[in-house]
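Chemist: Pasting protein11.cif below, which is mmCIF, C-alpha atoms and all ligand atoms.
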data_work
loop_
_atom_site.label_atom_id
_atom_site.label_comp_id
_atom_site.auth_asym_id
_atom_site.auth_seq_id
_atom_site.Cartn_x
_atom_site.Cartn_y
_atom_site.Cartn_z
CA MET A 1186 -7.67 16.79 4.00
CA LYS A 1187 -11.33 16.97 3.01
CA LEU A 1188 -12.90 16.10 -0.31
CA GLY A 1189 -16.47 17.19 0.28
CA ASP A 1190 -17.83 14.77 2.88
CA VAL A 1191 -14.84 12.44 2.61
CA GLU A 1192 -12.08 13.18 5.10
CA PHE A 1193 -8.75 11.41 4.99
CA HIS A 1194 -5.38 11.41 6.70
CA ILE A 1195 -2.08 9.66 6.11
CA VAL A 1196 -1.12 7.60 9.15
CA SER A 1197 2.35 6.08 9.35
CA ALA A 1198 2.96 2.45 10.23
CA GLY A 1199 6.72 3.13 10.31
CA HIS A 1200 9.27 2.33 7.66
CA PHE A 1201 11.41 -0.56 6.46
CA ARG A 1202 14.08 -1.28 3.90
CA LEU A 1203 14.14 -3.39 0.75
CA ASP A 1204 16.87 -4.17 -1.75
CA GLY A 1205 17.22 -1.16 -4.03
CA GLY A 1206 17.81 -3.26 -7.12
CA ALA A 1207 14.67 -5.29 -6.52
CA MET A 1208 12.69 -2.07 -6.00
CA PHE A 1209 13.69 -0.74 -9.42
CA GLY A 1210 13.67 -3.83 -11.63
CA VAL A 1211 15.58 -3.26 -14.86
CA ILE A 1212 16.79 0.24 -13.92
CA PRO A 1213 20.59 0.27 -13.29
CA ARG A 1214 21.81 1.32 -9.85
CA PRO A 1215 23.66 4.45 -11.08
CA MET A 1216 20.24 5.80 -12.10
CA TRP A 1217 18.11 4.86 -9.08
CA GLU A 1218 20.73 5.65 -6.43
CA ARG A 1219 20.55 9.31 -7.46
CA LYS A 1220 16.88 9.32 -6.47
CA ILE A 1221 16.99 7.10 -3.36
CA PRO A 1222 20.50 6.37 -1.99
CA PRO A 1223 20.96 2.82 -0.61
CA ASP A 1224 22.54 1.84 2.72
CA GLY A 1225 25.63 -0.39 3.13
CA ARG A 1226 23.46 -3.48 2.52
CA ASN A 1227 22.07 -2.02 -0.74
CA ARG A 1228 18.70 -1.35 0.87
CA ILE A 1229 16.51 1.71 0.42
CA THR A 1230 14.14 3.07 3.06
CA LEU A 1231 10.42 2.90 2.31
CA SER A 1232 7.57 4.28 4.38
CA MET A 1233 4.45 2.31 5.15
CA ASN A 1234 1.79 5.00 4.69
CA CYS A 1235 -1.70 3.93 5.71
CA LEU A 1236 -4.85 5.95 5.06
CA LEU A 1237 -7.46 6.78 7.65
CA ILE A 1238 -10.70 7.65 5.87
CA LEU A 1239 -13.86 9.02 7.46
CA ALA A 1240 -16.72 8.68 5.00
CA GLY A 1241 -20.41 7.77 5.06
CA GLY A 1242 -20.28 7.39 8.84
CA LYS A 1243 -17.55 4.75 8.53
CA ARG A 1244 -13.98 4.78 9.82
CA ILE A 1245 -11.87 3.07 7.23
CA LEU A 1246 -8.22 2.09 7.42
CA VAL A 1247 -6.31 1.29 4.23
CA GLU A 1248 -3.25 -0.92 4.87
CA THR A 1249 -1.90 -1.89 8.28
CA GLY A 1250 1.88 -1.89 7.76
CA ALA A 1251 4.17 -4.73 8.81
CA GLY A 1252 2.83 -5.09 12.34
CA ASP A 1253 4.85 -6.38 15.29
CA LYS A 1254 4.85 -10.17 14.87
CA MET A 1255 8.14 -10.48 12.97
CA SER A 1256 11.09 -12.39 14.38
CA PRO A 1257 14.20 -10.40 15.39
CA LYS A 1258 15.99 -11.88 12.37
CA LEU A 1259 13.34 -10.61 9.91
CA ARG A 1260 13.11 -7.27 11.70
CA ASP A 1261 16.84 -6.90 11.04
CA ILE A 1262 16.63 -8.02 7.40
CA TYR A 1263 13.89 -5.47 6.73
CA ALA A 1264 15.17 -2.84 9.20
CA LEU A 1265 11.66 -2.36 10.60
CA GLU A 1266 11.49 0.90 12.53
CA GLY A 1267 9.33 3.83 13.34
CA PRO A 1268 5.99 4.69 14.85
CA ALA A 1269 3.31 2.11 15.54
CA LEU A 1270 0.07 2.42 13.59
CA ALA A 1271 -1.93 2.43 16.84
CA ASP A 1272 -0.11 5.61 17.95
CA GLY A 1273 -1.02 7.30 14.69
CA LEU A 1274 -4.70 6.37 15.12
CA ARG A 1275 -4.66 7.58 18.72
CA ALA A 1276 -3.58 11.00 17.46
CA TYR A 1277 -7.04 11.14 15.84
CA GLY A 1278 -8.74 9.95 19.00
CA LEU A 1279 -9.32 6.44 17.62
CA ARG A 1280 -8.73 3.06 19.20
CA PRO A 1281 -8.42 -0.15 17.15
CA GLU A 1282 -12.00 -1.08 18.13
CA ASP A 1283 -13.28 2.10 16.47
CA ILE A 1284 -12.27 0.98 12.96
CA ASP A 1285 -15.23 -0.29 10.88
CA ILE A 1286 -13.44 -1.39 7.70
CA VAL A 1287 -9.85 -2.40 7.00
CA VAL A 1288 -8.72 -2.53 3.38
CA ASN A 1289 -5.59 -4.41 2.33
CA THR A 1290 -4.58 -3.46 -1.23
CA HIS A 1291 -2.85 -6.85 -1.35
CA LEU A 1292 -1.49 -9.31 1.21
CA HIS A 1293 2.27 -8.75 1.12
CA PHE A 1294 3.52 -8.43 4.70
CA ASP A 1295 4.24 -4.69 4.49
CA HIS A 1296 0.54 -4.05 3.74
CA CYS A 1297 -1.25 -6.40 6.14
CA GLY A 1298 1.16 -7.38 8.95
CA GLY A 1299 -0.72 -5.07 11.30
CA ASN A 1300 -4.00 -6.94 10.64
CA THR A 1301 -3.24 -9.28 13.53
CA ARG A 1302 -1.22 -9.45 16.73
CA VAL A 1303 -0.17 -12.11 19.21
CA GLU A 1304 -2.19 -12.39 22.41
CA LYS A 1305 -1.24 -15.20 24.81
CA ASP A 1306 0.24 -17.43 22.08
CA LYS A 1307 -2.77 -16.84 19.85
CA VAL A 1308 -2.90 -14.66 16.75
CA VAL A 1309 -5.94 -12.39 16.94
CA PRO A 1310 -7.36 -9.54 14.84
CA VAL A 1311 -6.06 -6.10 15.84
CA PHE A 1312 -9.30 -4.41 14.77
CA PRO A 1313 -11.97 -6.50 16.52
CA ASN A 1314 -15.01 -4.70 15.09
CA ALA A 1315 -13.83 -4.34 11.52
CA ARG A 1316 -14.53 -6.24 8.38
CA TYR A 1317 -11.36 -6.65 6.37
CA VAL A 1318 -11.80 -6.16 2.61
CA VAL A 1319 -9.48 -7.99 0.21
CA GLN A 1320 -9.82 -9.12 -3.40
CA ARG A 1321 -10.78 -12.79 -3.50
CA GLY A 1322 -8.08 -13.61 -6.06
CA GLU A 1323 -5.43 -12.03 -3.84
CA TYR A 1324 -6.53 -14.09 -0.84
CA ASP A 1325 -6.59 -17.31 -2.88
CA HIS A 1326 -3.09 -16.60 -4.15
CA ALA A 1327 -1.80 -15.61 -0.70
CA MET A 1328 -2.94 -18.98 0.66
CA ARG A 1329 -1.03 -20.75 -2.13
CA PRO A 1330 1.96 -18.52 -2.97
CA ASN A 1331 4.57 -19.69 -5.47
CA GLU A 1332 8.29 -20.22 -5.02
CA ARG A 1333 9.03 -16.68 -6.21
CA ASP A 1334 6.76 -14.72 -3.88
CA ARG A 1335 6.20 -16.88 -0.81
CA ALA A 1336 8.67 -14.76 1.20
CA SER A 1337 6.16 -11.88 1.02
CA TYR A 1338 3.13 -13.82 2.31
CA PHE A 1339 2.78 -14.73 5.98
CA PRO A 1340 -0.47 -16.64 6.64
CA GLU A 1341 -0.67 -15.33 10.23
CA ASN A 1342 -1.41 -11.89 8.75
CA PHE A 1343 -4.64 -12.99 7.04
CA ALA A 1344 -5.65 -16.61 7.80
CA PRO A 1345 -6.81 -15.75 11.37
CA ILE A 1346 -9.00 -12.98 9.93
CA PHE A 1347 -10.67 -15.49 7.61
CA GLU A 1348 -11.06 -18.01 10.45
CA ALA A 1349 -12.70 -15.32 12.60
CA GLY A 1350 -15.26 -14.74 9.83
CA MET A 1351 -14.09 -11.13 9.47
CA LEU A 1352 -12.70 -11.30 5.94
CA SER A 1353 -14.85 -9.83 3.20
CA LEU A 1354 -13.65 -11.14 -0.15
CA VAL A 1355 -14.62 -9.01 -3.14
CA ASP A 1356 -14.44 -9.65 -6.88
CA GLY A 1357 -13.32 -6.58 -8.79
CA ASP A 1358 -14.29 -2.96 -8.24
CA GLN A 1359 -16.37 -2.13 -5.20
CA THR A 1360 -17.76 0.98 -3.50
CA ILE A 1361 -17.32 0.43 0.24
CA ALA A 1362 -18.65 3.78 1.47
CA SER A 1363 -19.96 6.93 -0.13
CA GLY A 1364 -16.97 8.34 -2.07
CA VAL A 1365 -14.66 5.39 -1.35
CA GLU A 1366 -14.05 3.05 -4.25
CA LEU A 1367 -11.77 0.03 -4.51
CA ILE A 1368 -10.45 -0.59 -8.00
CA ARG A 1369 -8.75 -3.81 -9.02
CA VAL A 1370 -5.43 -2.93 -10.68
CA PRO A 1371 -3.37 -6.01 -11.53
CA GLY A 1372 0.38 -6.04 -12.21
CA HIS A 1373 2.21 -6.08 -8.89
CA THR A 1374 0.03 -9.08 -8.10
CA ALA A 1375 -2.85 -10.49 -10.15
CA ASP A 1376 -5.48 -8.90 -7.90
CA MET A 1377 -4.07 -5.81 -6.23
CA GLN A 1378 -6.59 -3.05 -5.57
CA CYS A 1379 -6.13 0.74 -5.56
CA VAL A 1380 -8.32 3.19 -3.64
CA LYS A 1381 -10.09 6.17 -5.16
CA LEU A 1382 -11.62 8.83 -2.91
CA SER A 1383 -13.98 11.42 -4.26
CA GLY A 1384 -16.14 14.21 -2.92
CA GLY A 1385 -16.82 17.90 -3.40
CA GLY A 1386 -15.63 17.68 -7.00
CA LYS A 1387 -12.18 16.52 -5.90
CA THR A 1388 -10.49 13.13 -6.13
CA ALA A 1389 -7.52 11.38 -4.53
CA PHE A 1390 -6.07 8.18 -5.95
CA SER A 1391 -3.92 5.82 -3.94
CA PHE A 1392 -1.57 3.95 -6.27
CA ALA A 1393 -0.71 1.17 -3.76
CA ASP A 1394 2.21 -0.71 -5.34
CA LEU A 1395 1.41 0.32 -8.93
CA VAL A 1396 3.56 3.42 -8.28
CA PRO A 1397 4.98 2.92 -4.77
CA THR A 1398 7.06 6.13 -4.63
CA THR A 1399 7.45 9.22 -6.82
CA ALA A 1400 10.73 7.68 -8.06
CA HIS A 1401 8.56 5.04 -9.78
CA LEU A 1402 6.66 7.53 -11.94
CA PRO A 1403 8.69 7.02 -15.17
CA LEU A 1404 7.09 4.14 -17.09
CA PRO A 1405 10.02 1.66 -17.08
CA TRP A 1406 10.70 2.14 -13.37
CA ILE A 1407 8.79 -0.99 -12.30
CA MET A 1408 9.61 -3.15 -9.29
CA GLY A 1409 11.42 -6.46 -9.80
CA TYR A 1410 8.90 -7.92 -7.35
CA ASP A 1411 6.00 -7.43 -9.78
CA LEU A 1412 4.54 -10.73 -10.96
CA TYR A 1413 3.16 -9.18 -14.16
CA PRO A 1414 5.41 -6.24 -15.10
CA MET A 1415 3.84 -5.75 -18.54
CA THR A 1416 0.43 -5.43 -16.87
CA THR A 1417 1.94 -2.91 -14.46
CA LEU A 1418 3.18 -0.98 -17.50
CA GLU A 1419 -0.30 -1.01 -19.06
CA ASN A 1420 -1.89 0.15 -15.81
CA LYS A 1421 0.68 2.92 -15.31
CA LYS A 1422 -0.22 4.14 -18.81
CA ARG A 1423 -3.90 3.98 -17.88
CA TRP A 1424 -3.81 5.62 -14.45
CA ILE A 1425 -0.95 8.14 -14.30
CA PRO A 1426 -2.27 10.19 -17.27
CA GLU A 1427 -5.77 10.20 -15.69
CA VAL A 1428 -4.36 11.46 -12.38
CA VAL A 1429 -2.44 14.20 -14.25
CA ARG A 1430 -5.30 15.18 -16.58
CA GLU A 1431 -8.03 15.24 -13.93
CA GLY A 1432 -5.93 16.91 -11.23
CA TYR A 1433 -6.28 14.10 -8.69
CA ILE A 1434 -4.18 14.03 -5.55
CA ALA A 1435 -1.80 11.08 -5.98
CA LEU A 1436 -1.05 9.04 -2.86
CA PHE A 1437 2.17 7.01 -2.65
CA GLY A 1438 2.02 4.16 -0.13
CA HIS A 1439 5.78 3.81 0.22
CA GLY A 1440 6.82 7.43 -0.38
CA THR A 1441 9.05 8.76 2.40
CA ARG A 1442 9.62 12.37 1.39
CA VAL A 1443 6.53 12.67 -0.82
CA PRO A 1444 3.51 10.65 0.38
CA ALA A 1445 1.04 12.85 -1.55
CA ALA A 1446 1.33 15.06 -4.61
CA TYR A 1447 -0.34 16.58 -7.62
CA LEU A 1448 1.30 15.36 -10.80
CA ARG A 1449 2.28 17.76 -13.56
CA GLU A 1450 3.58 16.99 -17.00
CA ARG A 1451 6.72 18.97 -17.81
CA ASP A 1452 9.01 18.36 -20.82
CA GLY A 1453 7.42 14.95 -21.37
CA GLN A 1454 7.98 13.86 -17.76
CA TRP A 1455 5.63 13.51 -14.80
CA GLU A 1456 6.72 15.58 -11.86
CA PRO A 1457 5.25 15.54 -8.35
CA GLU A 1458 4.14 18.73 -6.68
CA PRO A 1459 3.88 17.71 -3.01
CA VAL A 1460 0.60 18.26 -1.16
CA ALA A 1461 0.33 18.54 2.63
CA ILE A 1462 -2.51 16.23 3.73
CA ASP A 1463 -2.77 17.00 7.47
ZN ZN A 1501 4.47 -2.77 -0.73
#
Could you show the structure in this file as structure tokens?

Modeler:
Amino acid sequence: MKLGDVEFHIVSAGHFRLDGGAMFGVIPRPMWERKIPPDGRNRITLSMNCLLILAGGKRILVETGAGDKMSPKLRDIYALEGPALADGLRAYGLRPEDIDIVVNTHLHFDHCGGNTRVEKDKVVPVFPNARYVVQRGEYDHAMRPNERDRASYFPENFAPIFEAGMLSLVDGDQTIASGVELIRVPGHTADMQCVKLSGGGKTAFSFADLVPTTAHLPLPWIMGYDLYPMTTLENKKRWIPEVVREGYIALFGHGTRVPAAYLRERDGQWEPEPVAID
């Protein structure tokens, strides 16, 4: 998909499963199970959709999936499966060393586990020539998680990046390449960032975990994981109407059947109209 001089692709880092109830917060199971049916352990399957962006002479990767450092026990709990991110990049002729910038929208394991890998008992960066861009507030929180969200933060996914001097901490909105903008959108965490791509008069907006799948489009469908659900609500009211009104391509980081769509308003509801990206 090309937006003027900005080219982007969706690259899969596989999929995993999370508790369906936790994924839909206050929404009762009889409602959400019609949209995404759970397995025998009440889990729903979620994709880990990364973005490969070629813009301003830079090769940018947004999100790195869960990576391959998890213990067998955790791999079972989260049912980690599917293609490796490196295979997806290879399909575009890219090796990990070719990536210039890695963006983590936030530091939960399903977004940054692929930042690092184990090499001879040492955890090292997967993308040796990249600078990794994260909101400063998110990094500070990830290093001191609370009792409610510490299960989502694994220091080996980001501390070695900081120690290697490869972490670029930003405060608020930031343009990282021509047509590639990071926008701080709190709610899921205090300092999550979304990604806006624009060129040739067209725009794509990656919701990150503000709207993780198309099933989360209705306003009250907010994840139980969100630290600030009322802020998520405010930001859904801010961003979804803009995406609809301006005709942006919406990108869903955890969408399995619909990773990208135009959004249309019909009978007071937002409906996705899937877009093929590659
Ligand atoms: Zn997520």

Chemist: Find the distance between atom CA of Glu1266 of chain A and atom CA of Pro1444 of chain A and write it in Å to one decimal.

Modeler: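 Going from atom CA of Glu1266 of chain A over to atom CA of Pro1444 of chain A, I get 17.5 Å.
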
Chemist: Can you tell me, as a ChimeraX atom specification, what residues are no more than 10 Å from Ile1229 of chain A when counting all atoms listed in the file, ignoring any on the same chain fewer than 4 positions away?

Modeler: /A:1201-1206,1208,1218,1221-1225,1263-1264

Chemist: How would you report the residues lying within 9 Å of ligand ZN 1501 (chain A), as a ChimeraX atom specification, if you count all atoms listed in the file?

Modeler: /A:1231,1233,1250,1291,1293-1296,1393-1394,1397,1438-1439

Chemist: Skip Arg1449 of chain A itself and residues of its chain fewer than 3 positions away, then list as JSON, numbers by chain all residues within 10 Å of it, counting only C-alpha atoms.

Modeler: {"A": [1426, 1428, 1429, 1430, 1432, 1446, 1452, 1453, 1454, 1455, 1456, 1457, 1458]}

Chemist: Looking at all atoms listed in the file, which of A:Leu1412, A:Ala1389, A:Ala1240, A:Val1370 is the one that sits closest to Asn1331 of chain A?

Modeler: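 Checking each of A:Leu1412, A:Ala1389, A:Ala1240, A:Val1370 against Asn1331 of chain A, counting all atoms listed in the file, the winner is A:Leu1412.
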
Chemist: Please, which residues are within 12 Å of (1.4, -8.9, 3.0) by the file's coordinates, counting only C-alpha atoms, and could they come as a VMD selection string?

Modeler: chain A and resid 1233 1248 to 1252 1288 to 1301 1319 1323 to 1324 1326 to 1328 1330 1334 to 1344 1374 1377 1394

Chemist: Check the smallest atom-to-atom distance from each of A:Arg1369, A:Ala1276, A:Ile1462, A:Leu1436 to Val1396 of chain A using only C-alpha atoms, then report the winner.

Modeler: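 The shortest atom-to-atom distance to Val1396 of chain A comes from A:Leu1436.
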
Chemist: Can you work out the spacing between atom CA of Ile1284 of chain A and atom CA of Val1380 of chain A in Å, to one decimal?

Modeler: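 Atom CA of Val1380 of chain A lies 17.2 Å from atom CA of Ile1284 of chain A.
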
Chemist: Looking at all atoms listed in the file, which of A:Leu1259, A:Ile1195, A:Ala1207, A:Val1303 is the one that sits closest to Val1443 of chain A?

Modeler: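 Of all the options, A:Ile1195 lies closest to Val1443 of chain A.
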
Chemist: Excluding same-chain residues fewer than 3 positions from Asp1272 of chain A, what lies within 12 Å of it counting all atoms listed in the file, as a PyMOL selection string?

Modeler: chain A and resi 1196-1199+1267-1269+1275-1281

Chemist: Taking all atoms listed in the file into account, which of A:Leu1236, A:Glu1332, A:Ser1383, A:Val1318 comes nearest Met1351 of chain A?

Modeler: A:Val1318

Chemist: Report the distance between atom CA of Lys1422 of chain A and atom CA of Tyr1410 of chain A in Å, rounded to one decimal place.

Modeler: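 Separation of atom CA of Lys1422 of chain A and atom CA of Tyr1410 of chain A: 19.0 Å.
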
Chemist: Please determine, counting only C-alpha atoms, which residue among A:Lys1387, A:Arg1316, A:Arg1442, A:Arg1423 has the shortest atom-to-atom distance to Glu1192 of chain A.

Modeler: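 Smallest distance to Glu1192 of chain A is found for A:Lys1387.
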
Chemist: Quick one: of A:Ile1212, A:Ile1368, A:Ala1400, A:Ile1245, who's nearest to Phe1312 of chain A, counting all atoms listed in the file?

Modeler: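 Selected residue with least distance to Phe1312 of chain A: A:Ile1245.
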
Chemist: Starting from 5 Å padding per side, set up an axis-aligned box that covers all listed atoms of segment 1249-1262 of chain A and hand over centre and edge lengths in Å, one decimal, as JSON.

Modeler:
{"center_x": 7.5, "center_y": -7.1, "center_z": 11.4, "size_x": 28.7, "size_y": 20.5, "size_z": 18.0}

Chemist: Find the residues with any atom within 10 Å of (-11.2, 11.4, 8.2); use all atoms listed in the file and the coordinates as given in the file, and write the answer as a ChimeraX atom specification.

Modeler: /A:1186-1188,1190-1195,1236-1240,1242-1246,1277
